[in-house]
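Engineer: The structure under discussion is supplied below as structure tokens; questions concerning it will follow.
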Amino acid sequence: MAKYDFKKIEKKWQKEWEKQDIGKAVDFSKKKKWYSLIEFPYPSGQGLHIGHIRSLTAMDIVSRKRRMEGYNVLYPIGWDAFGLPTENYAIKTGVDPRVATKKNTENFRKQLKGLGFSFDWSREVNTTDPKYYKWTQWLFLQFFKKGLAYKAEIDINWCPNDKVGLANEEVIAGKCERCGAEVEKRKKAQWMLKITAYADKLLKGLEKVDYLDEIKAQQVNWIGRSEGAELEFRISNSEFRIKVFTTRPDTLFGATYMVLAPEHELVEKLKDKISNFNEVEAYVKTARKETEEERTAEDREKTGVELKGVKAVNPATGEEIPVWIADYVLAEYGTGAIMAVPAHDARDFSFAKKFNLPIIHVVSGGTPGELWEGKGNLVNSRKFDGMDSERAKAEITKFVGGKKTVNYHLRDWVFSRQRYWGEPIPIIHCEKCGYVPVPEKDLPVVLPPVKNYKPRDDGESPLASVVSFVNVKCPKCKGVAKRETDTMPNWAGSSWYFLRYADPKNAKEFASMKKLKYWMPIDWYNGGMEHVTLHLLYSRFWNIFLHDQGLVPTSEPYRKRTAQGMILGERGVKMSKSRGNAVNPDTIVRAYGADVARVYEMFMGPFDRAIAWDAKGIEGVKRFLRRTWDTAHEKEIGKTKNEKLERLLAATVKKVGEDIEKMAFHTAISSMMIFMNAASDEVIIPAGVWSDFLKILAPFAPHLADELWYLLKNKKSVHFESWPSYDPSLLKEEVVEVVAQVNGKRRGSIIVPPNAEEGAVKEAAMKLETVSAALGSAKIKKVVYVKGRIINLVI
RNA sequence: GCUCGGGUGGCGGAAUGGUAUACGCGCAACACUUAAAAUGUUGUGAUCGAAAGGUCAUGUGGGUUCGAUUCCCACCCCGAGCACCA
């Protein structure tokens with residue numbers, strides 16, 4: 001018997017599949033369509049990560065099963081190739097990112113092909129290809145034309161040492177990742193996308209999609225919808241008013257002071273009235289310098305300064321209350337100002353304690369003088385006394401002429417990067433005409449070559465140094481104008497790549513409506529947990545927006561979204577180069593083969609849970625596949641009747657089919673192992689049983705399954721076969737073991753037909769010595785009989 | 001603090017109201033071998049027992065039930081995400 005030579009087999013079938021184009025997705029096929037998606041990888045210099053295999057294998061299994069079920073399947077692949085690591089590599093070595101990207105994608109392609117994934121390679125996309133990013137730019141302009149892309153002064157992370165604007169992920173604990181210098185905030189005009197305009201749609205859309213609960217929860221959390229009221233407070237002896245947002249208008253009578261964010265515009269406007277303005281100014285300055293890290297640190301002592309000389313009037317009581325500034329109030333949220341109700345808000349409470357501000361209890365519950373954030377009936381609230389707090393919210397809002405409003409934690413999306421390796425933002429700035437979009441015929445705005453990839457000392461992108469790129473004619477007035485030199489964040493290309501897969505070669509549109517109508521929405525999207533907030537939210541935002549413009553057929557892009565757990569290093573810590581515990585996929589594939597690598601990664605544990613790599617565990621899977629090979633060669637596969645095996649096969653087909661849909665791949669594999677263990681005990685295996693087993697094994701271990709399939713003298717690949725069905729009557733056993741219990745405790749068991757009647761079973765059970773011993777002379781009070789399971793005698 | 005997961009043998013884990021510990025790893029004994037590896041067979045939660053069998057075990061404490069890993073209540077611990085969001 002030939003040895004299981006996975007190297008030879010895997011190479012052979014990979015070549016054969018390429019020839020037969022088994023991953024080919026056919027546009028407009030009459031078959032039902034199925035679209036499986038994985039997050040397209042970032043082609044890093046390190047090559048494929050062991051974790052990629054887990055996600056890609058899972059969707060490969062689903063895709064292969066769907067093909068066998070008769071679907072026309074789209075399972076595409078591409079490269080999310082813009083981004084920092086390649087750019088940093090260019091800065092360090094001077095290697096053109098285009099060159100590095102080409103090399104890296106070639107390596108990734110080779111690695112992925114070596115794992116036998118059934119991608120439609122003809123639809124490969126690459127976000128750094130001008131033919132691709134032409135449309136990323138075009139899509140940005142659609143946002144611009146609808147007023148959803150705008151420029152605003154916002155804070156960026158600035159490294160004073162490297163003189164460079166940093167991406168959030170480059171700021172580690174408030175310090176520059178590269179040089180360790182303390183990161184500062186700096187104002188810079190940035191392009192923004194108005195995702196907040198879609199907050200409600202992003203929230204509502206979640207109701208009709210099938211995402212893992214924790215994924216939905218994270219999205220909901222991130223959007224952070226909060227219902228409340230906007231109330232106005234008059235400032236004494238002044239025409240100014242302070243607007244506040246509150247979720248607790250019912251506590252208005254307990255508002256004993258107000259707080260403005262240090263950045264609040266009124267601070268400057270009230271300058272003349274503020275007697276301690278020097279102190280105030282100093283506080284604002286420190287607050288501005290503080291890093292996000294410091295400002296939001298846990299258990300931080302509250303700080304603040306009173307605006308002396310300024311009083312606000314509580315609209316409910318008519319009483320004057322002091323106004324403070326403090327950094328616990330955020331300028332970007334709500335109105336940037338709050339009414340402080342120390343008795344019923346933890347933050348206001350600790351602030352009031354520190355600065356000796358009055359605490360007035362206005363909702364019953366808790367102890368007066370102490371914090372109470374729960375509901376109750378109003379007290380100390382004049383005519384509202386006794387009213388329950390829920391109703392009082394509306395009544396008091398009405399009473400003081402406020403209005404109901406909704407606020408979101410979601411912020412607009414900062415869409416500018418002062419970086420080289422990204423899509424140039426296709427905008428021209430003209431003194432006369434303002435921001436003018438680059439005309440469609442001039443797209444793409446191609447990223448020009450540069451000598452130095454490092455952002456400039458003034459914080460501008462290296463593109464700002466390319467004179468021929470910057471200086472252009474205004475498309476509108478033909479006067480002198482300057483090109484935008486900011487590039488897009490790496491989220492841009494990944495916000496719509498799934499649309500391009502439907503029509504990847506289209507030179508006239510980002511994708512044709514006809515093809516989008518055929519393929520969208522994505523039926524199943526799997527990826528990492530680390531992308532379920534931002535990437536998922538951003539791409540949903542783009543899709544919903546494009547749907548509103550009539551450019552894509554569905555509002556939500558993903559019908560179903562799941563996430564795999566991370567693969568950790570051997571002792572359960574994160575895999576990393578620095579820890580030296582990273583497992584190299586190439587080594588694994590070379591030593592064990594692609595099929596073992598695939599099956600092992602699916603067998604390790606529950607798919608959605610993080611799990612530690614186990615060098616020993618992979619041996620078990622190796623044995624399983626080798627045993628399958630041995631069985632195929634040693635046993636006679638032929639004409640025979642074997643009811644036991646037929647029953648087991650039926651149960652296995654059912655289990656594997658159901659488990660794939662639940663992503664319970666590990667139990668699917670364990671049930672195939674059980675079948676194999678039984679099959680290897682037989683001398684002759686019925687050919688039909690063996691064929692069906694190979695079919696259900698095929699999505700998991702596609703190479704081995706095909707090899708053994710051809711061994712049976714089949715002419716076409718197992719991957720063109722239909723997913724097997726099973727005879728449900730085979731699942732019914734002819735005899736069953738019924739456990740005999742006395743008072744719920746197992747005392748023995750009896751073998752009976754599945755439909756045996758209670759009387760007969762009871763009689764048989766009582767004949768058991770162990771049962772009669774347990775019963776003794778006691779009287780049976782009750783009998784609980786569950787057919788095929790248990791009989792419980794209660795005494 | 002809030003939200004979402006999770007806690008079961010030496011280890012990864014299975015079982016979603018009905019035989020707890022499937023499957024795999026590890027370990028032990030045996031067979032094959034000059035030997036080792038590989039392979040195969042058998043065993044493997046703890047504890048008492050020569051055995052038959054008993055008792056105890058699914059984070060902790062309570063509850064519902066004939067019966068709870070599974071359902072309910074309270075608590076403890078671990079992981080992930082968010083977080084001075086008014």
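Following the order of the structure tokens, first chain is A, next is B, and so on, with residues numbered from 1 inside each chain and ligands from 1 in the order they appear.
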Compile a residue-level contact table for chain A against chain B at a cut-off of 6 Å, reporting for every qualifying residue the shortest atom pair and its distance in Å to one decimal, with only C-alpha atoms (C1' of nucleotides) counted, rows ordered by chain and ascending number, as a tab-separated table.

Structural biologist:
residue	atom	partner	partner_atom	distance
A:Glu214	CA	B:C4	C1'	5.0
A:Thr246	CA	B:A86	C1'	5.7
A:Tyr328	CA	B:C84	C1'	4.8
A:His409	CA	B:C85	C1'	5.8
A:Gly617	CA	B:C25	C1'	5.3
A:Ser670	CA	B:C23	C1'	4.6
A:Gly744	CA	B:G67	C1'	5.0

Engineer: Write out as a ChimeraX atom specification the residues lying within 10 Å of region 31-46 of chain B, counting only C-alpha atoms (C1' of nucleotides) and excluding same-chain residues fewer than 5 positions away.

Structural biologist: /B:9,21,56-57

Engineer: The selected residues should be written to file as an mmCIF file, in the first residue's frame (atoms: N, CA, C and O atoms (P, O5', C5', C4', C3', O3' and C1' of nucleotides)).

Structural biologist:
data_model
loop_
_atom_site.group_PDB
_atom_site.id
_atom_site.type_symbol
_atom_site.label_atom_id
_atom_site.label_comp_id
_atom_site.auth_asym_id
_atom_site.auth_seq_id
_atom_site.Cartn_x
_atom_site.Cartn_y
_atom_site.Cartn_z
ATOM 1 P P G B 9 -12.774 20.280 35.629
ATOM 2 O "O5'" G B 9 -12.475 18.990 34.753
ATOM 3 C "C5'" G B 9 -11.152 18.540 34.648
ATOM 4 C "C4'" G B 9 -11.031 17.162 35.246
ATOM 5 C "C3'" G B 9 -9.616 16.618 35.128
ATOM 6 O "O3'" G B 9 -9.379 15.786 36.261
ATOM 7 C "C1'" G B 9 -11.120 15.190 33.997
ATOM 8 P P U B 21 -20.600 9.950 30.680
ATOM 9 O "O5'" U B 21 -19.418 10.947 30.355
ATOM 10 C "C5'" U B 21 -19.431 11.780 29.182
ATOM 11 C "C4'" U B 21 -18.236 12.681 29.260
ATOM 12 C "C3'" U B 21 -16.914 11.933 29.265
ATOM 13 O "O3'" U B 21 -16.460 11.846 27.926
ATOM 14 C "C1'" U B 21 -16.995 13.596 31.005
ATOM 15 P P C B 56 -23.650 10.791 47.270
ATOM 16 O "O5'" C B 56 -22.334 11.623 46.890
ATOM 17 C "C5'" C B 56 -21.578 12.257 47.922
ATOM 18 C "C4'" C B 56 -20.295 12.797 47.351
ATOM 19 C "C3'" C B 56 -20.468 13.703 46.150
ATOM 20 O "O3'" C B 56 -20.881 14.994 46.533
ATOM 21 C "C1'" C B 56 -18.707 12.187 45.726
ATOM 22 P P A B 57 -21.549 15.949 45.444
ATOM 23 O "O5'" A B 57 -20.206 16.160 44.629
ATOM 24 C "C5'" A B 57 -20.067 17.235 43.813
ATOM 25 C "C4'" A B 57 -18.804 17.122 43.011
ATOM 26 C "C3'" A B 57 -19.081 17.510 41.573
ATOM 27 O "O3'" A B 57 -19.122 18.914 41.500
ATOM 28 C "C1'" A B 57 -17.801 15.533 41.602
#

Engineer: Hey, what's within 9 Å of Val466 (chain A) if we count only C-alpha atoms (C1' of nucleotides) and toss same-chain stuff fewer than 6 positions away? As a list in words, please?

Structural biologist: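 Near Val466 (chain A), the qualifying residues are Pro448, Pro449 and Val450 of chain A.
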
Engineer: Within 10 Å of U69 (chain B), counting only C-alpha atoms (C1' of nucleotides), which residues show up once you throw out same-chain ones fewer than 3 positions away? Write them as JSON, numbers by chain, please.

Structural biologist: {"B": [8, 15, 16, 20, 58]}

Engineer: Report as an MDAnalysis selection string all protein, DNA and RNA residues lying within 6 Å of Gly23 (chain A), evaluated on only C-alpha atoms (C1' of nucleotides), omitting residues in the same chain fewer than 2 positions from it.

Structural biologist: chainID A and resid 21 118:120

Engineer: Please return as a PyMOL selection string: the residues of region 153-320 of chain A that backbone DSSP assigns to strand (DSSP E or B).

Structural biologist: chain A and resi 153-159+164-166+171-172+175-176+182+184-193+210-211+225-235+241-246+257-260+305-313+320
